[in-house]
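Trainee: The structure is given below, and queries will be raised subsequently.
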Amino acid sequence: MSPEKPQIVECPRDAMQGLHQLVPTAKKIEYLQALLRVGFHTLDFGSFVNPKAVPQMGDTAEVLQGLDLSQTRTRLLAIIANHKGAVMACEHPSVHVLGYPFSISETFQFRNTNRSVADSLALVKDLVAMTHDAGKELVVYLSMAFGNPYGDPWSTGLALEWAEKMASIGIHTLAMADTTGLAVQDDITAIFSGLAARMPEVNFGAHFHARPEERRMKLATAWEAGCRRFDVALQGYGGCPFAQDELVGNVATESLLAFLESIGEAPSLRADALESAQNIARTIFLSA
């Protein structure tokens, strides 16, 4: 069931993964530690994937070991792309959530995880059982939920069909991913209002990629259609390196906070910790 109050998922993993210059492990730990003090609902901190595919995330286990989690209620989310990655993530008690990118575009599923949609569906069914046994939550990201640049079949109806299929196999949290920033207002309304009507038991979120001038429209439209969970990244850095050559950044955390404040839904976050994290972000991304 979608929450009444907004859930903010801060995504430094998404912001950093496409950087060509490796961020030192110590700097990642410093940055994540600062973000843990802010008070976000969830922190998408890293991924257990093949370091040859995503070199930036090759030190995720080491980063995790360096974090002090004693003074935070923020949940840690790790992205996985296969069974091996899920096993690795489940071995860490401090990882609360596993996230799997399931694409409704066959082309992107191969580009992102080197497997077909059919094989990915089988994997998701296995992940449901694995995470249940490990006492962890599984979040499925429906990649290319708002269209794709490859000419693969897509419609809002198809996106909703896949969402219903995920709910039917035991997925309780779904993030509708605007992977290449193609979402338009009518489609956002159709998808999120459809989710609210068809699957009231599912906590559905928005993982938008957007150019600065599009951010408020996407956030406001999703909110009005019932979405309360949003993936964001400080200052709008990031984007999927496997989607297309030109990265479209994440929605900036600052844009979401400004929007929520404007509608009287400002979350309770530590302003000093947020400012500290923003300062560290500048040293990471402006020098990359």
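Numbering starts fresh at 1 for the residues of each chain in the structure tokens, the chains themselves are lettered A, B, ... in the order given, and ligands are numbered from 1 as they appear.
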So which residues touch Arg211 of chain A within 12 Å, counting only C-alpha atoms, skipping near sequence neighbours fewer than 3 positions away, as a list in words?
Mentor: Asp178, Thr180, Gly181, Leu182, Ala183, Phe208, Glu214, Arg215, Arg216, Met217, Lys218, Gln235, Gly236, Tyr237, Gly238, Gly239, Glu246, Leu247, Val248, Gly249, Asn250, Val251, Ala252 and Ser255 of chain A
Trainee: Would you kindly return, as a compact mmCIF listing (two decimals) with all heavy atoms, in the first residue's frame, each protein, DNA or RNA residue with an atom no farther than 12 Å from any atom of segment 108-125 of chain A, considering only C-alpha atoms and excluding same-chain residues fewer than 6 positions away?
Mentor:
# COMPACT_ATOMS: atom_id res chain seq x y z
N VAL A 49 27.23 -6.19 -8.61
CA VAL A 49 27.21 -6.58 -10.02
C VAL A 49 28.65 -6.83 -10.46
O VAL A 49 29.61 -6.52 -9.73
CB VAL A 49 26.56 -5.49 -10.90
CG1 VAL A 49 25.09 -5.32 -10.55
CG2 VAL A 49 27.30 -4.16 -10.77
N ASN A 50 28.81 -7.35 -11.64
CA ASN A 50 30.13 -7.63 -12.18
C ASN A 50 30.93 -6.33 -12.31
O ASN A 50 30.51 -5.41 -13.02
CB ASN A 50 30.00 -8.31 -13.56
CG ASN A 50 31.32 -8.82 -14.09
OD1 ASN A 50 32.39 -8.32 -13.74
ND2 ASN A 50 31.26 -9.83 -14.93
N ALA A 53 31.46 -4.86 -15.69
CA ALA A 53 30.34 -4.15 -16.30
C ALA A 53 30.16 -2.76 -15.70
O ALA A 53 29.89 -1.79 -16.42
CB ALA A 53 29.05 -4.95 -16.13
N VAL A 54 30.33 -2.66 -14.37
CA VAL A 54 30.17 -1.37 -13.68
C VAL A 54 31.36 -1.20 -12.73
O VAL A 54 31.26 -1.49 -11.53
CB VAL A 54 28.84 -1.31 -12.89
CG1 VAL A 54 28.62 0.12 -12.37
CG2 VAL A 54 27.66 -1.74 -13.74
N ILE A 79 21.49 -2.68 -5.57
CA ILE A 79 21.03 -3.17 -6.87
C ILE A 79 21.76 -4.47 -7.19
O ILE A 79 22.96 -4.61 -6.94
CB ILE A 79 21.30 -2.13 -7.97
CG1 ILE A 79 20.47 -0.87 -7.73
CG2 ILE A 79 21.00 -2.71 -9.36
CD1 ILE A 79 18.97 -1.07 -7.83
N ILE A 80 21.02 -5.43 -7.73
CA ILE A 80 21.62 -6.69 -8.19
C ILE A 80 21.11 -6.96 -9.61
O ILE A 80 20.05 -6.45 -10.01
CB ILE A 80 21.29 -7.87 -7.23
CG1 ILE A 80 19.78 -8.03 -7.02
CG2 ILE A 80 21.97 -7.63 -5.90
CD1 ILE A 80 19.12 -9.01 -7.94
N ALA A 81 21.88 -7.76 -10.37
CA ALA A 81 21.50 -8.02 -11.75
C ALA A 81 21.37 -9.50 -12.07
O ALA A 81 20.97 -9.86 -13.17
CB ALA A 81 22.51 -7.38 -12.72
N ASN A 82 21.72 -10.35 -11.09
CA ASN A 82 21.65 -11.79 -11.33
C ASN A 82 21.60 -12.52 -10.00
O ASN A 82 21.63 -11.91 -8.92
CB ASN A 82 22.83 -12.28 -12.18
CG ASN A 82 24.17 -11.83 -11.62
OD1 ASN A 82 24.37 -11.79 -10.41
ND2 ASN A 82 25.09 -11.49 -12.51
N HIS A 83 21.54 -13.86 -10.09
CA HIS A 83 21.43 -14.68 -8.89
C HIS A 83 22.67 -14.53 -8.00
O HIS A 83 22.54 -14.44 -6.76
CB HIS A 83 21.25 -16.15 -9.31
CG HIS A 83 20.99 -17.07 -8.17
ND1 HIS A 83 22.01 -17.66 -7.44
CD2 HIS A 83 19.83 -17.53 -7.61
CE1 HIS A 83 21.50 -18.43 -6.50
NE2 HIS A 83 20.18 -18.36 -6.57
N LYS A 84 23.84 -14.49 -8.59
CA LYS A 84 25.07 -14.36 -7.81
C LYS A 84 25.08 -13.07 -7.01
O LYS A 84 25.44 -13.06 -5.82
CB LYS A 84 26.28 -14.41 -8.74
CG LYS A 84 27.62 -14.28 -8.03
CD LYS A 84 28.78 -14.34 -9.01
CE LYS A 84 30.12 -14.18 -8.30
NZ LYS A 84 31.27 -14.23 -9.26
N GLY A 85 24.68 -11.97 -7.64
CA GLY A 85 24.63 -10.70 -6.94
C GLY A 85 23.63 -10.71 -5.79
O GLY A 85 23.88 -10.14 -4.72
N ALA A 86 22.50 -11.40 -6.00
CA ALA A 86 21.50 -11.50 -4.94
C ALA A 86 22.04 -12.27 -3.75
O ALA A 86 21.80 -11.91 -2.59
CB ALA A 86 20.24 -12.17 -5.49
N LEU A 98 16.86 -5.31 -1.72
CA LEU A 98 17.50 -5.62 -2.99
C LEU A 98 16.65 -5.03 -4.10
O LEU A 98 15.41 -5.11 -4.06
CB LEU A 98 17.62 -7.13 -3.20
CG LEU A 98 18.82 -7.85 -2.59
CD1 LEU A 98 18.78 -7.76 -1.06
CD2 LEU A 98 18.84 -9.31 -3.01
N GLY A 99 17.29 -4.42 -5.07
CA GLY A 99 16.58 -3.85 -6.20
C GLY A 99 16.98 -4.53 -7.49
O GLY A 99 18.19 -4.69 -7.76
N TYR A 100 15.99 -4.96 -8.27
CA TYR A 100 16.29 -5.60 -9.55
C TYR A 100 15.67 -4.81 -10.70
O TYR A 100 14.46 -4.52 -10.68
CB TYR A 100 15.77 -7.04 -9.60
CG TYR A 100 16.08 -7.70 -10.93
CD1 TYR A 100 17.37 -8.09 -11.25
CD2 TYR A 100 15.07 -7.89 -11.89
CE1 TYR A 100 17.67 -8.66 -12.48
CE2 TYR A 100 15.36 -8.48 -13.12
CZ TYR A 100 16.66 -8.86 -13.41
OH TYR A 100 16.95 -9.41 -14.64
N PRO A 101 16.47 -4.45 -11.72
CA PRO A 101 15.93 -3.72 -12.87
C PRO A 101 15.33 -4.67 -13.90
O PRO A 101 16.05 -5.38 -14.60
CB PRO A 101 17.17 -3.00 -13.43
CG PRO A 101 18.32 -3.91 -13.06
CD PRO A 101 17.93 -4.58 -11.76
N PHE A 102 14.01 -4.68 -13.98
CA PHE A 102 13.30 -5.53 -14.94
C PHE A 102 12.78 -4.63 -16.06
O PHE A 102 11.95 -3.74 -15.82
CB PHE A 102 12.13 -6.25 -14.28
CG PHE A 102 11.37 -7.15 -15.21
CD1 PHE A 102 11.68 -8.51 -15.29
CD2 PHE A 102 10.36 -6.66 -16.03
CE1 PHE A 102 10.99 -9.35 -16.16
CE2 PHE A 102 9.67 -7.48 -16.90
CZ PHE A 102 9.99 -8.82 -16.97
N THR A 131 14.73 -13.41 -1.13
CA THR A 131 14.65 -12.27 -0.22
C THR A 131 13.72 -12.58 0.95
O THR A 131 13.95 -12.14 2.08
CB THR A 131 14.19 -11.01 -0.96
OG1 THR A 131 12.98 -11.29 -1.72
CG2 THR A 131 15.26 -10.53 -1.92
N HIS A 132 12.66 -13.32 0.69
CA HIS A 132 11.75 -13.71 1.78
C HIS A 132 12.51 -14.55 2.80
O HIS A 132 12.42 -14.31 4.02
CB HIS A 132 10.57 -14.50 1.23
CG HIS A 132 9.62 -14.97 2.29
ND1 HIS A 132 9.75 -16.20 2.90
CD2 HIS A 132 8.53 -14.37 2.86
CE1 HIS A 132 8.79 -16.34 3.80
NE2 HIS A 132 8.04 -15.25 3.79
N LEU A 138 12.29 -6.90 -1.58
CA LEU A 138 12.68 -6.84 -2.99
C LEU A 138 11.90 -5.73 -3.68
O LEU A 138 10.67 -5.70 -3.63
CB LEU A 138 12.40 -8.18 -3.68
CG LEU A 138 12.67 -8.24 -5.19
CD1 LEU A 138 14.14 -8.01 -5.49
CD2 LEU A 138 12.22 -9.59 -5.76
N VAL A 139 12.63 -4.83 -4.30
CA VAL A 139 12.03 -3.77 -5.11
C VAL A 139 12.33 -4.08 -6.57
O VAL A 139 13.48 -4.32 -6.93
CB VAL A 139 12.59 -2.38 -4.75
CG1 VAL A 139 12.03 -1.32 -5.71
CG2 VAL A 139 12.25 -2.02 -3.32
N VAL A 140 11.32 -4.08 -7.40
CA VAL A 140 11.51 -4.26 -8.84
C VAL A 140 11.36 -2.91 -9.52
O VAL A 140 10.37 -2.19 -9.30
CB VAL A 140 10.53 -5.28 -9.43
CG1 VAL A 140 10.53 -5.21 -10.96
CG2 VAL A 140 10.89 -6.69 -8.98
N TYR A 141 12.36 -2.56 -10.32
CA TYR A 141 12.30 -1.35 -11.14
C TYR A 141 11.80 -1.75 -12.52
O TYR A 141 12.47 -2.54 -13.21
CB TYR A 141 13.69 -0.72 -11.27
CG TYR A 141 14.23 -0.18 -9.97
CD1 TYR A 141 14.84 -1.02 -9.05
CD2 TYR A 141 14.11 1.17 -9.65
CE1 TYR A 141 15.33 -0.54 -7.85
CE2 TYR A 141 14.60 1.67 -8.45
CZ TYR A 141 15.20 0.80 -7.56
OH TYR A 141 15.68 1.29 -6.37
N LEU A 142 10.67 -1.24 -12.93
CA LEU A 142 10.17 -1.50 -14.28
C LEU A 142 10.83 -0.51 -15.23
O LEU A 142 10.33 0.60 -15.45
CB LEU A 142 8.64 -1.40 -14.34
CG LEU A 142 7.87 -2.63 -13.85
CD1 LEU A 142 6.39 -2.46 -14.13
CD2 LEU A 142 8.37 -3.91 -14.49
N SER A 143 11.98 -0.91 -15.77
CA SER A 143 12.74 -0.03 -16.65
C SER A 143 12.01 0.19 -17.97
O SER A 143 11.30 -0.69 -18.45
CB SER A 143 14.11 -0.64 -16.92
OG SER A 143 14.82 -0.85 -15.73
N MET A 144 12.22 1.36 -18.55
CA MET A 144 11.57 1.76 -19.81
C MET A 144 10.05 1.74 -19.67
O MET A 144 9.33 1.49 -20.64
CB MET A 144 12.01 0.86 -20.96
CG MET A 144 13.51 0.86 -21.21
SD MET A 144 14.09 2.46 -21.84
CE MET A 144 15.89 2.18 -21.84
N ALA A 145 9.57 2.06 -18.46
CA ALA A 145 8.12 2.03 -18.20
C ALA A 145 7.38 3.14 -18.94
O ALA A 145 6.15 3.05 -19.10
CB ALA A 145 7.86 2.15 -16.70
N GLY A 147 8.33 4.31 -22.07
CA GLY A 147 8.75 4.31 -23.47
C GLY A 147 10.21 3.94 -23.59
O GLY A 147 10.93 3.87 -22.59
N ASN A 148 10.66 3.69 -24.81
CA ASN A 148 12.06 3.33 -25.03
C ASN A 148 12.50 3.88 -26.38
O ASN A 148 11.68 4.15 -27.26
CB ASN A 148 12.24 1.81 -24.98
CG ASN A 148 11.51 1.09 -26.10
OD1 ASN A 148 11.99 1.04 -27.23
ND2 ASN A 148 10.33 0.54 -25.80
N PRO A 149 13.82 4.09 -26.55
CA PRO A 149 14.32 4.65 -27.80
C PRO A 149 14.68 3.60 -28.85
O PRO A 149 15.29 3.93 -29.86
CB PRO A 149 15.58 5.39 -27.34
CG PRO A 149 16.09 4.58 -26.20
CD PRO A 149 14.87 4.00 -25.52
N TYR A 150 14.30 2.34 -28.62
CA TYR A 150 14.75 1.24 -29.48
C TYR A 150 13.69 0.75 -30.45
O TYR A 150 13.96 -0.13 -31.27
CB TYR A 150 15.19 0.06 -28.61
CG TYR A 150 16.10 0.44 -27.47
CD1 TYR A 150 15.71 0.24 -26.16
CD2 TYR A 150 17.34 1.04 -27.72
CE1 TYR A 150 16.53 0.59 -25.11
CE2 TYR A 150 18.16 1.40 -26.67
CZ TYR A 150 17.75 1.18 -25.36
OH TYR A 150 18.56 1.55 -24.32
N GLY A 151 12.47 1.28 -30.34
CA GLY A 151 11.40 0.80 -31.20
C GLY A 151 10.73 -0.46 -30.69
O GLY A 151 9.92 -1.08 -31.39
N ASP A 152 11.05 -0.89 -29.46
CA ASP A 152 10.38 -2.05 -28.87
C ASP A 152 8.93 -1.69 -28.53
O ASP A 152 8.62 -0.52 -28.28
CB ASP A 152 11.10 -2.49 -27.60
CG ASP A 152 12.47 -3.09 -27.89
OD1 ASP A 152 12.70 -3.49 -29.04
OD2 ASP A 152 13.29 -3.17 -26.96
N PRO A 153 8.05 -2.70 -28.49
CA PRO A 153 6.64 -2.42 -28.16
C PRO A 153 6.52 -1.72 -26.81
O PRO A 153 7.20 -2.09 -25.84
CB PRO A 153 6.01 -3.81 -28.12
CG PRO A 153 6.87 -4.65 -29.00
CD PRO A 153 8.27 -4.12 -28.81
N TRP A 162 2.57 -5.32 -17.00
CA TRP A 162 3.76 -5.84 -16.36
C TRP A 162 3.75 -5.56 -14.86
O TRP A 162 4.20 -6.38 -14.05
CB TRP A 162 5.02 -5.28 -17.01
CG TRP A 162 5.45 -6.06 -18.21
CD1 TRP A 162 5.45 -5.66 -19.52
CD2 TRP A 162 5.95 -7.41 -18.21
NE1 TRP A 162 5.91 -6.67 -20.33
CE2 TRP A 162 6.22 -7.75 -19.56
CE3 TRP A 162 6.19 -8.35 -17.23
CZ2 TRP A 162 6.73 -9.00 -19.93
CZ3 TRP A 162 6.68 -9.60 -17.59
CH2 TRP A 162 6.96 -9.91 -18.92
N ALA A 163 3.24 -4.40 -14.48
CA ALA A 163 3.14 -4.09 -13.05
C ALA A 163 2.21 -5.08 -12.35
O ALA A 163 2.52 -5.58 -11.26
CB ALA A 163 2.62 -2.67 -12.87
N LYS A 165 1.59 -8.11 -13.32
CA LYS A 165 2.26 -9.41 -13.29
C LYS A 165 3.25 -9.48 -12.13
O LYS A 165 3.36 -10.52 -11.45
CB LYS A 165 2.97 -9.66 -14.62
CG LYS A 165 3.54 -11.06 -14.78
CD LYS A 165 4.01 -11.32 -16.21
CE LYS A 165 2.86 -11.32 -17.20
NZ LYS A 165 3.28 -11.71 -18.57
N MET A 166 3.97 -8.39 -11.90
CA MET A 166 4.90 -8.36 -10.78
C MET A 166 4.17 -8.48 -9.45
O MET A 166 4.59 -9.20 -8.54
CB MET A 166 5.72 -7.07 -10.80
CG MET A 166 6.71 -7.00 -11.95
SD MET A 166 7.96 -8.30 -11.84
CE MET A 166 8.51 -8.40 -13.54
N ALA A 167 3.07 -7.79 -9.32
CA ALA A 167 2.29 -7.88 -8.08
C ALA A 167 1.78 -9.30 -7.86
O ALA A 167 1.74 -9.80 -6.73
CB ALA A 167 1.13 -6.89 -8.12
N SER A 168 1.41 -9.98 -8.95
CA SER A 168 0.85 -11.32 -8.83
C SER A 168 1.87 -12.35 -8.36
O SER A 168 1.49 -13.41 -7.84
CB SER A 168 0.25 -11.76 -10.18
OG SER A 168 1.27 -12.05 -11.12
N ILE A 169 3.17 -12.08 -8.54
CA ILE A 169 4.19 -13.03 -8.10
C ILE A 169 4.84 -12.62 -6.78
O ILE A 169 5.84 -13.22 -6.37
CB ILE A 169 5.28 -13.25 -9.18
CG1 ILE A 169 6.02 -11.95 -9.51
CG2 ILE A 169 4.66 -13.84 -10.45
CD1 ILE A 169 7.18 -12.16 -10.50
N GLY A 170 4.28 -11.59 -6.15
CA GLY A 170 4.72 -11.26 -4.80
C GLY A 170 5.55 -10.02 -4.63
O GLY A 170 6.16 -9.82 -3.58
N ILE A 171 5.59 -9.15 -5.64
CA ILE A 171 6.32 -7.89 -5.51
C ILE A 171 5.41 -6.85 -4.87
O ILE A 171 4.33 -6.54 -5.38
CB ILE A 171 6.80 -7.38 -6.88
CG1 ILE A 171 7.70 -8.43 -7.55
CG2 ILE A 171 7.55 -6.06 -6.73
CD1 ILE A 171 8.93 -8.80 -6.76
N THR A 179 13.64 5.58 -17.73
CA THR A 179 15.08 5.31 -17.87
C THR A 179 15.80 6.30 -18.77
O THR A 179 16.95 6.66 -18.52
CB THR A 179 15.29 3.87 -18.39
OG1 THR A 179 14.39 2.99 -17.71
CG2 THR A 179 16.71 3.42 -18.17
N THR A 180 15.16 6.74 -19.82
CA THR A 180 15.81 7.67 -20.75
C THR A 180 15.12 9.02 -20.79
O THR A 180 15.33 9.81 -21.72
CB THR A 180 15.88 7.06 -22.17
OG1 THR A 180 14.59 6.60 -22.56
CG2 THR A 180 16.86 5.90 -22.20
N CYS A 240 21.53 6.16 -16.47
CA CYS A 240 21.92 4.77 -16.74
C CYS A 240 22.93 4.69 -17.89
O CYS A 240 22.61 5.07 -19.02
CB CYS A 240 20.71 3.91 -17.07
SG CYS A 240 21.14 2.19 -17.40
N PRO A 241 24.14 4.19 -17.63
CA PRO A 241 25.15 4.13 -18.68
C PRO A 241 24.86 3.10 -19.76
O PRO A 241 25.50 3.10 -20.81
CB PRO A 241 26.43 3.77 -17.91
CG PRO A 241 25.95 3.05 -16.70
CD PRO A 241 24.65 3.70 -16.33
N PHE A 242 23.88 2.22 -19.54
CA PHE A 242 23.55 1.20 -20.52
C PHE A 242 22.36 1.57 -21.40
O PHE A 242 21.96 0.80 -22.26
CB PHE A 242 23.26 -0.14 -19.81
CG PHE A 242 24.40 -0.62 -18.98
CD1 PHE A 242 24.33 -0.58 -17.60
CD2 PHE A 242 25.57 -1.09 -19.57
CE1 PHE A 242 25.38 -1.02 -16.82
CE2 PHE A 242 26.63 -1.53 -18.80
CZ PHE A 242 26.54 -1.48 -17.42
N ALA A 243 21.78 2.75 -21.17
CA ALA A 243 20.56 3.11 -21.88
C ALA A 243 20.83 3.76 -23.23
O ALA A 243 20.31 3.34 -24.26
CB ALA A 243 19.72 4.04 -21.01
N GLN A 244 21.64 4.79 -23.25
CA GLN A 244 21.94 5.48 -24.50
C GLN A 244 23.20 6.30 -24.27
O GLN A 244 23.69 6.41 -23.16
CB GLN A 244 20.77 6.38 -24.92
CG GLN A 244 20.36 7.41 -23.87
CD GLN A 244 19.15 8.20 -24.30
OE1 GLN A 244 18.37 7.76 -25.13
NE2 GLN A 244 18.97 9.38 -23.75
Trainee: Between A:Ala89, A:Ala175, A:Leu43, A:Ala222, which one has atoms that come closest to Ile8 of chain A, using only C-alpha atoms?
Mentor: A:Leu43
Trainee: Residues near Pro6 of chain A, anyone? I mean within 8 Å using only C-alpha atoms, not counting same-chain ones fewer than 2 positions away, as a CSV table (one decimal) with all heavy atoms, in the first residue's frame.
Mentor:
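Okay, this is what ended up in part_25.csv:
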chain,number,residue,atom,x,y,z
A,3,PRO,N,2.3,4.8,0.9
A,3,PRO,CA,2.2,5.6,2.1
A,3,PRO,C,1.5,6.9,1.9
A,3,PRO,O,1.4,7.4,0.8
A,3,PRO,CB,3.7,5.8,2.5
A,3,PRO,CG,4.4,5.8,1.1
A,3,PRO,CD,3.6,4.8,0.3
A,4,GLU,N,1.0,7.5,3.0
A,4,GLU,CA,0.4,8.8,2.9
A,4,GLU,C,1.4,9.9,2.8
A,4,GLU,O,1.2,10.9,2.1
A,4,GLU,CB,-0.5,9.0,4.1
A,4,GLU,CG,-1.7,8.1,4.2
A,4,GLU,CD,-2.6,8.5,5.3
A,4,GLU,OE1,-2.3,9.5,6.1
A,4,GLU,OE2,-3.6,7.8,5.6
A,8,ILE,N,11.4,9.3,0.4
A,8,ILE,CA,12.5,9.7,-0.5
A,8,ILE,C,13.6,8.7,-0.5
A,8,ILE,O,14.1,8.3,0.5
A,8,ILE,CB,13.0,11.1,0.0
A,8,ILE,CG1,11.9,12.1,0.0
A,8,ILE,CG2,14.2,11.5,-0.9
A,8,ILE,CD1,12.4,13.5,0.6
A,228,ARG,N,3.8,8.4,-4.1
A,228,ARG,CA,4.3,9.0,-2.9
A,228,ARG,C,5.8,8.6,-2.6
A,228,ARG,O,6.4,9.1,-1.7
A,228,ARG,CB,3.5,8.7,-1.6
A,228,ARG,CG,2.1,9.2,-1.7
A,228,ARG,CD,2.1,10.7,-1.6
A,228,ARG,NE,0.7,11.3,-1.6
A,228,ARG,CZ,0.0,11.6,-2.7
A,228,ARG,NH1,0.6,11.5,-3.9
A,228,ARG,NH2,-1.2,12.1,-2.6
A,229,ARG,N,6.3,7.8,-3.5
A,229,ARG,CA,7.7,7.3,-3.3
A,229,ARG,C,8.5,7.8,-4.5
A,229,ARG,O,8.1,7.6,-5.7
A,229,ARG,CB,7.7,5.8,-3.3
A,229,ARG,CG,9.1,5.1,-3.2
A,229,ARG,CD,9.0,3.6,-3.2
A,229,ARG,NE,10.3,3.0,-3.3
A,229,ARG,CZ,11.0,2.5,-2.3
A,229,ARG,NH1,10.4,2.5,-1.1
A,229,ARG,NH2,12.2,1.9,-2.4
A,230,PHE,N,9.6,8.5,-4.3
A,230,PHE,CA,10.4,9.1,-5.3
A,230,PHE,C,11.9,8.8,-5.2
A,230,PHE,O,12.4,9.0,-4.1
A,230,PHE,CB,10.2,10.6,-5.3
A,230,PHE,CG,8.8,11.0,-5.7
A,230,PHE,CD1,7.8,11.2,-4.6
A,230,PHE,CD2,8.4,11.2,-7.0
A,230,PHE,CE1,6.5,11.6,-4.9
A,230,PHE,CE2,7.0,11.6,-7.3
A,230,PHE,CZ,6.1,11.8,-6.2
A,265,GLU,N,4.1,19.5,2.2
A,265,GLU,CA,4.5,18.1,2.5
A,265,GLU,C,6.0,17.9,2.8
A,265,GLU,O,6.5,16.9,2.6
A,265,GLU,CB,4.0,17.1,1.4
A,265,GLU,CG,2.5,17.0,1.2
A,265,GLU,CD,1.9,16.2,2.3
A,265,GLU,OE1,2.6,15.6,3.1
A,265,GLU,OE2,0.6,16.2,2.3
A,267,PRO,N,9.3,17.0,4.1
A,267,PRO,CA,9.7,15.9,5.1
A,267,PRO,C,10.6,16.5,6.2
A,267,PRO,O,11.2,17.6,6.1
A,267,PRO,CB,10.5,14.9,4.2
A,267,PRO,CG,11.1,15.8,3.1
A,267,PRO,CD,10.1,16.9,2.9
Trainee: As JSON, numbers by chain, please: every residue in segment 205-239 of chain A that a backbone DSSP assignment puts in strand (DSSP E or B).
Mentor: {"A": [205, 206, 207, 208, 209, 229, 230, 231, 232, 233]}
Trainee: State, in Å with one decimal place, the distance from atom CA of Ala225 of chain A to atom CA of Met176 of chain A.
Mentor: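 Calculated distance between atom CA of Ala225 of chain A and atom CA of Met176 of chain A is 13.2 Å.
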Trainee: Pick the closest to Pro24 of chain A from A:Ser262, A:Thr42, A:Ser47, A:Gln56: which is it, counting only C-alpha atoms?
Mentor: A:Gln56
Trainee: Determine the nearest neighbour of Gly226 of chain A from the options A:Glu254, A:Gln21, A:Ser193, A:Lys27, counting only C-alpha atoms.
Mentor: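 Smallest distance to Gly226 of chain A is found for A:Ser193.
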Trainee: From a DSSP calculation on the backbone, collect every residue of segment 76-282 of chain A in alpha helix (DSSP H) and output the set as a PyMOL selection string.
Mentor: chain A and resi 83-90+106-113+117-134+156-168+185-198+215-224+253-262+271-282
Trainee: Let me make sure I understand: among A:Leu35, A:Leu69, A:Leu22, A:Ile104, which one has the smallest atom-to-atom distance to Pro51 of chain A if we use only C-alpha atoms?
Mentor: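 Answer, going by the shortest atom-to-atom distance: A:Leu22.
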Trainee: Atom CA of Gln278 of chain A to atom CA of Arg73 of chain A: how many Å, to one decimal?
Mentor: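 Computed distance, atom CA of Gln278 of chain A to atom CA of Arg73 of chain A, equals 19.9 Å.
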Trainee: Quote the spacing between atom CA of Leu195 of chain A and atom CA of Val95 of chain A in Å to one decimal place.
Mentor: 27.5 Å
Trainee: Might you pull out every residue within 12 Å of Gln71 of chain A, with only C-alpha atoms counted and same-chain residues fewer than 2 positions away left off, and present them as an MDAnalysis selection string?
Mentor: chainID A and resid 33:39 67:69 73:75
